[in-house]
file entry37.txt (compact mmCIF, C-alpha atoms)
# COMPACT_ATOMS: atom_id res chain seq x y z
CA MET A 1 16.25 -13.51 2.14
CA GLU A 2 16.39 -11.94 5.60
CA PRO A 3 14.18 -8.79 5.89
CA LYS A 4 15.92 -5.51 6.64
CA TRP A 5 14.85 -3.26 9.49
CA PHE A 6 15.02 0.52 9.33
CA ARG A 7 15.14 3.17 12.04
CA ASN A 8 12.00 4.93 10.79
CA THR A 9 9.88 1.75 10.66
CA VAL A 10 6.16 1.66 11.49
CA THR A 11 4.01 -1.42 12.05
CA PHE A 12 0.24 -1.75 12.10
CA GLN A 13 -2.58 -4.21 11.61
CA VAL A 14 -5.40 -3.59 9.12
CA SER A 15 -8.61 -5.64 9.17
CA GLY A 16 -12.01 -5.69 7.53
CA ASP A 17 -15.04 -7.81 6.69
CA TYR A 18 -14.31 -7.72 2.96
CA ALA A 19 -11.52 -6.69 0.58
CA LEU A 20 -11.23 -6.40 -3.20
CA PHE A 21 -7.71 -6.08 -4.58
CA SER A 22 -8.95 -6.57 -8.10
CA ASN A 23 -6.97 -8.24 -10.84
CA PRO A 24 -6.92 -5.87 -13.88
CA VAL A 25 -7.48 -8.86 -16.21
CA THR A 26 -10.95 -9.47 -14.72
CA ARG A 27 -12.16 -5.89 -15.23
CA VAL A 28 -12.63 -6.16 -18.99
CA GLY A 29 -16.13 -7.59 -18.72
CA GLY A 30 -17.19 -5.30 -15.88
CA GLU A 31 -16.76 -8.03 -13.28
CA LYS A 32 -14.01 -8.03 -10.67
CA PHE A 33 -12.11 -10.86 -9.01
CA SER A 34 -9.78 -10.17 -6.08
CA TYR A 35 -6.15 -11.19 -5.88
CA PRO A 36 -5.62 -13.62 -2.94
CA ILE A 37 -3.39 -11.06 -1.16
CA PRO A 38 -3.13 -7.24 -1.23
CA THR A 39 -0.89 -5.72 -3.87
CA TYR A 40 2.05 -3.52 -2.90
CA GLU A 41 0.17 -0.50 -4.26
CA ALA A 42 -2.94 -1.32 -2.20
CA VAL A 43 -0.96 -1.54 1.06
CA LYS A 44 0.84 1.69 0.18
CA GLY A 45 -2.55 3.33 -0.45
CA ILE A 46 -3.73 2.22 3.00
CA LEU A 47 -0.62 3.79 4.54
CA HIS A 48 -1.21 7.00 2.55
CA SER A 49 -4.68 7.19 4.11
CA VAL A 50 -3.08 6.78 7.54
CA PHE A 51 -0.37 9.42 7.00
CA TRP A 52 1.40 10.98 4.04
CA LYS A 53 3.35 14.13 3.17
CA PRO A 54 5.05 15.00 -0.15
CA THR A 55 8.39 15.17 1.68
CA ILE A 56 8.38 11.42 2.30
CA LYS A 57 7.89 8.26 0.28
CA TRP A 58 6.55 5.09 1.91
CA VAL A 59 8.24 1.75 1.23
CA ILE A 60 6.32 -1.42 2.16
CA ASP A 61 8.75 -4.02 3.53
CA GLU A 62 6.73 -7.01 4.65
CA MET A 63 3.20 -8.23 5.27
CA ARG A 64 1.82 -11.04 7.39
CA VAL A 65 -1.49 -12.71 6.48
CA MET A 66 -3.28 -13.38 9.77
CA LYS A 67 -6.48 -15.15 8.62
CA PRO A 68 -7.24 -17.84 6.02
CA ILE A 69 -7.58 -16.68 2.42
CA GLN A 70 -11.24 -17.19 1.54
CA THR A 71 -13.56 -15.58 -1.02
CA GLU A 72 -17.22 -14.71 -1.41
CA THR A 73 -19.02 -13.79 -4.64
CA LYS A 74 -21.72 -11.14 -4.63
CA ALA A 75 -24.16 -9.94 -7.28
CA ILE A 76 -23.59 -6.21 -7.83
CA ARG A 77 -25.50 -3.63 -9.88
CA PRO A 78 -22.81 -1.13 -10.95
CA VAL A 79 -23.72 2.09 -12.76
CA CYS A 80 -23.08 2.03 -16.53
CA TYR A 81 -21.13 4.84 -18.16
CA ASN A 82 -24.03 5.52 -20.54
CA GLY A 83 -26.61 5.51 -17.75
CA GLY A 84 -28.65 2.85 -15.98
CA ASN A 85 -27.34 -0.25 -14.21
CA GLU A 86 -26.04 -3.67 -15.19
CA LEU A 87 -25.63 -6.93 -13.31
CA ALA A 88 -22.10 -8.09 -12.44
CA TYR A 89 -20.48 -10.55 -10.06
CA TYR A 90 -17.66 -9.35 -7.80
CA THR A 91 -15.54 -11.89 -5.92
CA TYR A 92 -14.28 -10.44 -2.62
CA LEU A 93 -11.85 -11.65 0.00
CA LYS A 94 -13.77 -12.33 3.21
CA ASP A 95 -12.81 -11.59 6.83
CA VAL A 96 -9.27 -10.32 6.25
CA SER A 97 -6.52 -9.17 8.59
CA TYR A 98 -2.92 -8.23 7.81
CA GLN A 99 0.08 -7.07 9.78
CA VAL A 100 2.26 -4.60 7.86
CA ARG A 101 5.80 -3.35 8.34
CA ALA A 102 6.93 -0.29 6.37
CA HIS A 103 9.38 2.61 6.50
CA PHE A 104 9.71 5.97 4.79
CA VAL A 105 12.52 7.56 2.79
CA TRP A 106 12.92 11.13 1.59
CA ASN A 107 11.43 11.89 -1.80
CA LEU A 108 14.54 13.21 -3.56
CA ASN A 109 12.44 14.17 -6.58
CA ARG A 110 11.06 17.02 -4.46
CA PRO A 111 14.07 19.21 -3.62
CA GLU A 112 11.70 22.06 -2.73
CA PHE A 113 10.94 20.19 0.53
CA GLU A 114 14.57 19.71 1.53
CA GLN A 115 14.22 22.00 4.56
CA ASP A 116 11.32 19.87 5.79
CA ARG A 117 13.28 16.60 6.08
CA ASN A 118 12.96 15.94 9.79
CA GLU A 119 13.00 12.18 10.37
CA ASN A 120 12.04 12.34 14.04
CA LYS A 121 9.05 14.58 13.37
CA TYR A 122 7.56 12.46 10.61
CA HIS A 123 8.19 9.16 12.39
CA ASN A 124 6.32 10.39 15.48
CA MET A 125 3.51 11.85 13.38
CA ALA A 126 3.06 8.56 11.52
CA LYS A 127 2.91 6.55 14.76
CA ARG A 128 0.32 8.95 16.22
CA MET A 129 -1.86 8.62 13.13
CA ILE A 130 -1.69 4.80 13.35
CA GLU A 131 -2.82 4.98 16.99
CA ARG A 132 -5.78 7.13 15.91
CA GLY A 133 -6.79 4.77 13.13
CA GLY A 134 -5.58 6.97 10.27
CA ARG A 135 -6.21 10.49 9.00
CA ARG A 136 -8.69 9.43 6.34
CA ASP A 137 -11.07 6.51 5.90
CA ILE A 138 -9.33 3.21 5.21
CA PHE A 139 -10.45 1.15 2.21
CA LEU A 140 -9.31 -2.38 1.40
CA GLY A 141 -8.89 -2.07 -2.35
CA THR A 142 -12.22 -0.43 -3.12
CA ARG A 143 -14.70 2.05 -1.64
CA GLU A 144 -17.26 -0.46 -0.40
CA CYS A 145 -14.66 -2.40 1.63
CA GLN A 146 -14.07 -0.48 4.86
CA GLY A 147 -10.88 -1.23 6.78
CA TYR A 148 -9.68 -0.50 10.30
CA VAL A 149 -6.10 0.22 11.35
CA GLU A 150 -4.54 -0.28 14.78
CA PRO A 151 -0.95 -0.44 16.10
CA CYS A 152 0.69 -3.84 16.54
CA GLU A 153 4.03 -5.53 17.07
CA PHE A 154 4.87 -7.14 13.75
CA GLY A 155 5.05 -10.93 14.11
CA GLU A 156 3.19 -11.15 17.41
CA GLY A 157 -0.01 -13.10 17.84
CA ALA A 158 -1.21 -16.33 16.23
CA GLY A 159 -1.64 -16.40 12.46
CA TYR A 160 -3.48 -18.98 10.37
CA TYR A 161 -0.42 -19.81 8.25
CA ASP A 162 2.09 -20.02 11.09
CA GLU A 163 4.56 -22.88 10.97
CA THR A 164 4.02 -25.53 13.63
CA PRO A 165 6.27 -28.42 14.72
CA SER A 166 3.74 -30.96 13.42
CA SER A 167 3.28 -29.41 9.97
CA PRO A 168 5.72 -28.66 7.13
CA PRO A 169 6.48 -25.06 6.12
CA LYS A 170 3.59 -23.54 4.17
CA GLU A 171 4.76 -21.90 0.95
CA ILE A 172 2.30 -20.50 -1.58
CA ALA A 173 3.32 -18.93 -4.90
CA PHE A 174 0.78 -16.50 -6.39
CA GLY A 175 2.21 -16.34 -9.90
CA PHE A 176 2.44 -13.26 -12.11
CA MET A 177 0.88 -10.36 -10.19
CA TYR A 178 0.50 -6.60 -10.40
CA HIS A 179 2.89 -4.82 -8.01
CA GLY A 180 2.09 -1.13 -8.46
CA ILE A 181 2.64 2.06 -10.45
CA THR A 182 5.69 4.32 -10.31
CA TYR A 183 4.72 7.93 -10.92
CA ALA A 184 7.19 10.52 -12.16
CA ASP A 185 7.58 12.17 -8.75
CA GLU A 186 8.62 8.86 -7.09
CA ALA A 187 10.92 7.41 -9.76
CA GLU A 188 14.25 6.13 -8.43
CA LEU A 189 15.80 4.79 -11.64
CA GLU A 190 16.96 7.11 -14.41
CA GLU A 191 15.07 5.06 -17.02
CA ASP A 192 11.79 5.71 -15.15
CA ARG A 193 12.19 9.47 -14.74
CA GLY A 194 9.60 11.54 -16.57
CA ARG A 195 7.42 8.48 -17.11
CA MET A 196 4.53 6.56 -15.63
CA THR A 197 5.58 2.94 -15.12
CA VAL A 198 3.55 -0.15 -14.21
CA ARG A 199 5.35 -2.93 -12.31
CA PHE A 200 4.80 -6.71 -11.98
CA TRP A 201 6.32 -9.47 -9.84
CA ARG A 202 5.81 -13.05 -8.61
CA PRO A 203 5.14 -13.03 -4.85
CA VAL A 204 5.60 -16.03 -2.59
CA MET A 205 4.06 -16.35 0.88
CA ARG A 206 6.09 -18.35 3.39
CA ASN A 207 4.29 -19.31 6.62
CA GLY A 208 2.01 -16.30 6.20
CA TYR A 209 4.78 -13.77 5.48
CA VAL A 210 5.13 -11.93 2.17
CA LEU A 211 8.41 -10.07 1.69
CA PHE A 212 7.82 -7.25 -0.82
CA CYS A 213 10.52 -6.29 -3.29
CA PRO A 214 11.17 -2.52 -3.56
CA PRO A 215 9.60 -0.85 -6.63
CA GLU A 216 12.99 -0.25 -8.28
CA GLU A 217 13.80 -3.98 -8.02
CA CYS A 218 10.64 -5.32 -9.67
CA PRO A 219 11.67 -7.89 -12.30
CA GLU A 220 9.17 -6.79 -14.93
CA LYS A 221 7.77 -3.38 -15.79
CA ARG A 222 6.32 -1.36 -18.65
CA HIS A 223 6.45 2.36 -19.38
CA LEU A 224 2.92 3.58 -20.07
CA HIS A 225 3.46 7.19 -21.14
CA GLU A 226 5.46 10.34 -20.53
CA MET A 227 4.63 12.14 -17.29
CA GLN A 228 5.93 15.34 -15.74
CA ILE A 229 6.29 16.04 -12.03
CA LYS A 230 3.62 18.37 -10.74
CA ARG A 231 5.21 21.17 -8.74
CA PHE A 232 3.60 22.82 -5.72
CA PRO A 233 2.99 26.60 -5.82
CA GLU A 234 5.47 28.75 -3.89
CA LYS A 235 2.74 29.94 -1.50
CA HIS A 236 2.64 26.46 0.07
CA PHE A 237 6.31 26.67 1.07
CA THR A 238 5.88 30.19 2.49
CA GLY A 239 3.14 28.99 4.81
CA LEU A 240 5.16 25.95 5.84
CA ARG A 241 8.24 28.02 6.71
CA GLU A 242 6.17 30.45 8.78
CA PHE A 243 4.43 27.54 10.53
CA GLU A 244 7.74 25.88 11.43
CA LYS A 245 9.27 29.22 12.53
CA GLU A 246 6.45 29.74 15.01
CA GLY A 247 7.09 26.29 16.49
CA GLY A 248 3.83 24.84 15.21
CA ARG A 249 3.20 21.12 15.10
CA GLU A 250 0.49 18.77 13.96
call {"tool": "encode", "arguments": {"input": "entry37.txt", "output": "structure tokens"}}
result
Amino acid sequence: MEPKWFRNTVTFQVSGDYALFSNPVTRVGGEKFSYPIPTYEAVKGILHSVFWKPTIKWVIDEMRVMKPIQTETKAIRPVCYNGGNELAYYTYLKDVSYQVRAHFVWNLNRPEFEQDRNENKYHNMAKRMIERGGRRDIFLGTRECQGYVEPCEFGEGAGYYDETPSSPPKEIAFGFMYHGITYADEAELEEDRGRMTVRFWRPVMRNGYVLFCPPEECPEKRHLHEMQIKRFPEKHFTGLREFEKEGGRE
């Protein structure tokens, strides 16, 4: 399937010494094992740390794995809920780097921000935040894995899984994998409205590229529980309108 390109697209590269996009199945015993690639939700979380506003909703389109997928196991002493420490083994991804292409859409579940839907403004703000390395600290799946963001042209540069004339196309299927969570304020489908929904899919990497399916197109999902949209107090909109009236900008 040919990837789509959108007018409000941003691209960036995120790198780090370690990453832990943990498989929920491995958390039962207190030990964590990383998925071989970032989940959709993890990449979206990275982009939220770079730039996010309740007016917009980020959609991750495609990711390119730049370095070989390799792991390293470490002995960790996590804190127990009832006090003290215990010994556990965490398996991290080592020396990671990814190129990401994403775009934003308006969050139609927040009609109170309708007057704030300025595509040009938010696109420029997002690109500035990428150039600065993000608004908040970047984590690759978990707090101890620091990441670093920088602008890039998606698809440029040499990647470990690139196709070469002397080698056949590299295609890797990762099997049944967690995709992300749809919260009530981001639900697109009527059946997901007013609910918290967990999504799953079966990603395939072709020559280093992973084409993400949109949340509403995930083949398998499960409704966890009822969930209402949290509304923002009116005072927030009053300040925003005054700020915009005075010609303020971030």
call {"tool": "residues_around", "arguments": {"input": "entry37.txt", "residues": "A:Ile69", "least_positions_apart": "4", "cutoff": "9 Å", "atoms": "all atoms listed in the file", "output": "list in words"}}
result
Pro36, Ile37, Val65, Leu93, Lys94, Asp95 and Val96 of chain A
call {"tool": "closest_residue", "arguments": {"input": "entry37.txt", "among": "A:Ile76, A:Met196, A:Val59, A:Met227", "to": "A:Thr9", "atoms": "all atoms listed in the file"}}
result
A:Val59
call {"tool": "atom_distance", "arguments": {"input": "entry37.txt", "atom1": "atom CA of A:Arg202", "atom2": "atom CA of A:Tyr178"}}
result
8.5 Å
call {"tool": "residues_near_point", "arguments": {"input": "entry37.txt", "point": "(3.3, -20.5, -6.2)", "cutoff": "10 Å", "atoms": "all atoms listed in the file", "output": "number ranges by chain"}}
result
A: 171-176, 202-205
call {"tool": "write_last_selection", "arguments": {"input": "entry37.txt", "atoms": "C-alpha atoms", "output": "compact mmCIF listing (two decimals), in the coordinates of the input"}}
result
# COMPACT_ATOMS: atom_id res chain seq x y z
CA GLU A 171 4.76 -21.90 0.95
CA ILE A 172 2.30 -20.50 -1.58
CA ALA A 173 3.32 -18.93 -4.90
CA PHE A 174 0.78 -16.50 -6.39
CA GLY A 175 2.21 -16.34 -9.90
CA PHE A 176 2.44 -13.26 -12.11
CA ARG A 202 5.81 -13.05 -8.61
CA PRO A 203 5.14 -13.03 -4.85
CA VAL A 204 5.60 -16.03 -2.59
CA MET A 205 4.06 -16.35 0.88
call {"tool": "closest_atom_pairs", "arguments": {"input": "entry37.txt", "of": "stretch 2-100 of chain A", "to": "stretch 107-119 of chain A", "cutoff": "9 Å", "atoms": "only C-alpha atoms", "output": "CSV"}}
result
residue,atom,partner,partner_atom,distance
A:Asn8,CA,A:Glu119,CA,7.3
A:Pro54,CA,A:Asn107,CA,7.3
A:Thr55,CA,A:Asn107,CA,5.7
A:Ile56,CA,A:Asn107,CA,5.1
A:Lys57,CA,A:Asn107,CA,5.5
call {"tool": "residues_around", "arguments": {"input": "entry37.txt", "residues": "A:Tyr183", "least_positions_apart": "3", "cutoff": "9 Å", "atoms": "all atoms listed in the file", "output": "list in words"}}
result
Glu186, Ala187, Asp192, Arg193, Gly194, Arg195, Met196, Thr197, Val198, Met227, Gln228 and Ile229 of chain A
call {"tool": "residues_around", "arguments": {"input": "entry37.txt", "residues": "A:Glu62", "least_positions_apart": "5", "cutoff": "9 Å", "atoms": "all atoms listed in the file", "output": "ChimeraX atom specification"}}
result
/A:3,99-102,209-213
call {"tool": "residues_around", "arguments": {"input": "entry37.txt", "residues": "A:Pro151", "least_positions_apart": "3", "cutoff": "6 Å", "atoms": "all atoms listed in the file", "output": "JSON, numbers by chain"}}
result
{"A": [12, 130, 131]}
call {"tool": "closest_residue", "arguments": {"input": "entry37.txt", "among": "A:Cys145, A:Ala19, A:Val50, A:Val10", "to": "A:Met129", "atoms": "all atoms listed in the file"}}
result
A:Val50
call {"tool": "closest_residue", "arguments": {"input": "entry37.txt", "among": "A:Leu47, A:Val14, A:Trp52, A:Tyr90", "to": "A:Thr26", "atoms": "only C-alpha atoms"}}
result
A:Tyr90
call {"tool": "decode", "arguments": {"input": "entry37.txt", "residues": "stretch 150-202 of chain A", "atoms": "C-alpha atoms", "output": "PDB file, in the first residue's frame"}}
result
ATOM      1  CA  GLU A 150      16.057  16.310  15.612  1.00  0.00           C
ATOM      2  CA  PRO A 151      14.545  17.332  12.247  1.00  0.00           C
ATOM      3  CA  CYS A 152      15.152  15.120   9.212  1.00  0.00           C
ATOM      4  CA  GLU A 153      13.965  14.440   5.685  1.00  0.00           C
ATOM      5  CA  PHE A 154      12.039  11.190   5.889  1.00  0.00           C
ATOM      6  CA  GLY A 155      13.737   8.503   3.796  1.00  0.00           C
ATOM      7  CA  GLU A 156      17.104  10.240   3.488  1.00  0.00           C
ATOM      8  CA  GLY A 157      20.322   8.711   4.730  1.00  0.00           C
ATOM      9  CA  ALA A 158      21.490   5.094   4.860  1.00  0.00           C
ATOM     10  CA  GLY A 159      19.488   2.634   6.944  1.00  0.00           C
ATOM     11  CA  TYR A 160      20.514  -0.836   8.092  1.00  0.00           C
ATOM     12  CA  TYR A 161      17.519  -2.530   6.445  1.00  0.00           C
ATOM     13  CA  ASP A 162      17.684  -0.687   3.131  1.00  0.00           C
ATOM     14  CA  GLU A 163      17.166  -2.757   0.008  1.00  0.00           C
ATOM     15  CA  THR A 164      20.281  -3.186  -2.118  1.00  0.00           C
ATOM     16  CA  PRO A 165      20.671  -4.542  -5.670  1.00  0.00           C
ATOM     17  CA  SER A 166      22.631  -7.552  -4.377  1.00  0.00           C
ATOM     18  CA  SER A 167      20.158  -8.552  -1.654  1.00  0.00           C
ATOM     19  CA  PRO A 168      16.471  -9.540  -1.751  1.00  0.00           C
ATOM     20  CA  PRO A 169      13.825  -7.310  -0.127  1.00  0.00           C
ATOM     21  CA  LYS A 170      13.915  -7.615   3.661  1.00  0.00           C
ATOM     22  CA  GLU A 171      10.461  -8.261   5.107  1.00  0.00           C
ATOM     23  CA  ILE A 172       9.956  -8.984   8.808  1.00  0.00           C
ATOM     24  CA  ALA A 173       6.569  -9.759  10.378  1.00  0.00           C
ATOM     25  CA  PHE A 174       6.323  -9.045  14.117  1.00  0.00           C
ATOM     26  CA  GLY A 175       3.142 -10.989  14.817  1.00  0.00           C
ATOM     27  CA  PHE A 176       0.333  -9.972  17.153  1.00  0.00           C
ATOM     28  CA  MET A 177       1.329  -6.668  18.765  1.00  0.00           C
ATOM     29  CA  TYR A 178      -0.125  -3.921  20.925  1.00  0.00           C
ATOM     30  CA  HIS A 179      -1.000  -0.833  18.854  1.00  0.00           C
ATOM     31  CA  GLY A 180      -2.299   1.674  21.403  1.00  0.00           C
ATOM     32  CA  ILE A 181      -5.233   2.944  23.465  1.00  0.00           C
ATOM     33  CA  THR A 182      -8.129   5.049  22.202  1.00  0.00           C
ATOM     34  CA  TYR A 183      -9.380   7.371  24.925  1.00  0.00           C
ATOM     35  CA  ALA A 184     -12.879   8.826  24.910  1.00  0.00           C
ATOM     36  CA  ASP A 185     -11.738  12.272  23.764  1.00  0.00           C
ATOM     37  CA  GLU A 186     -10.017  10.846  20.647  1.00  0.00           C
ATOM     38  CA  ALA A 187     -12.581   8.255  19.535  1.00  0.00           C
ATOM     39  CA  GLU A 188     -13.441   8.392  15.826  1.00  0.00           C
ATOM     40  CA  LEU A 189     -15.885   5.490  15.581  1.00  0.00           C
ATOM     41  CA  GLU A 190     -19.340   5.647  17.142  1.00  0.00           C
ATOM     42  CA  GLU A 191     -18.823   2.262  18.818  1.00  0.00           C
ATOM     43  CA  ASP A 192     -15.759   3.644  20.662  1.00  0.00           C
ATOM     44  CA  ARG A 193     -17.353   6.844  21.947  1.00  0.00           C
ATOM     45  CA  GLY A 194     -17.629   7.069  25.719  1.00  0.00           C
ATOM     46  CA  ARG A 195     -15.224   4.162  26.140  1.00  0.00           C
ATOM     47  CA  MET A 196     -11.578   3.343  26.666  1.00  0.00           C
ATOM     48  CA  THR A 197     -10.433   0.959  23.930  1.00  0.00           C
ATOM     49  CA  VAL A 198      -7.220  -1.047  23.535  1.00  0.00           C
ATOM     50  CA  ARG A 199      -6.081  -1.850  19.985  1.00  0.00           C
ATOM     51  CA  PHE A 200      -3.917  -4.608  18.444  1.00  0.00           C
ATOM     52  CA  TRP A 201      -2.452  -5.271  14.991  1.00  0.00           C
ATOM     53  CA  ARG A 202       0.151  -7.315  13.097  1.00  0.00           C
TER      54      ARG A 202
END
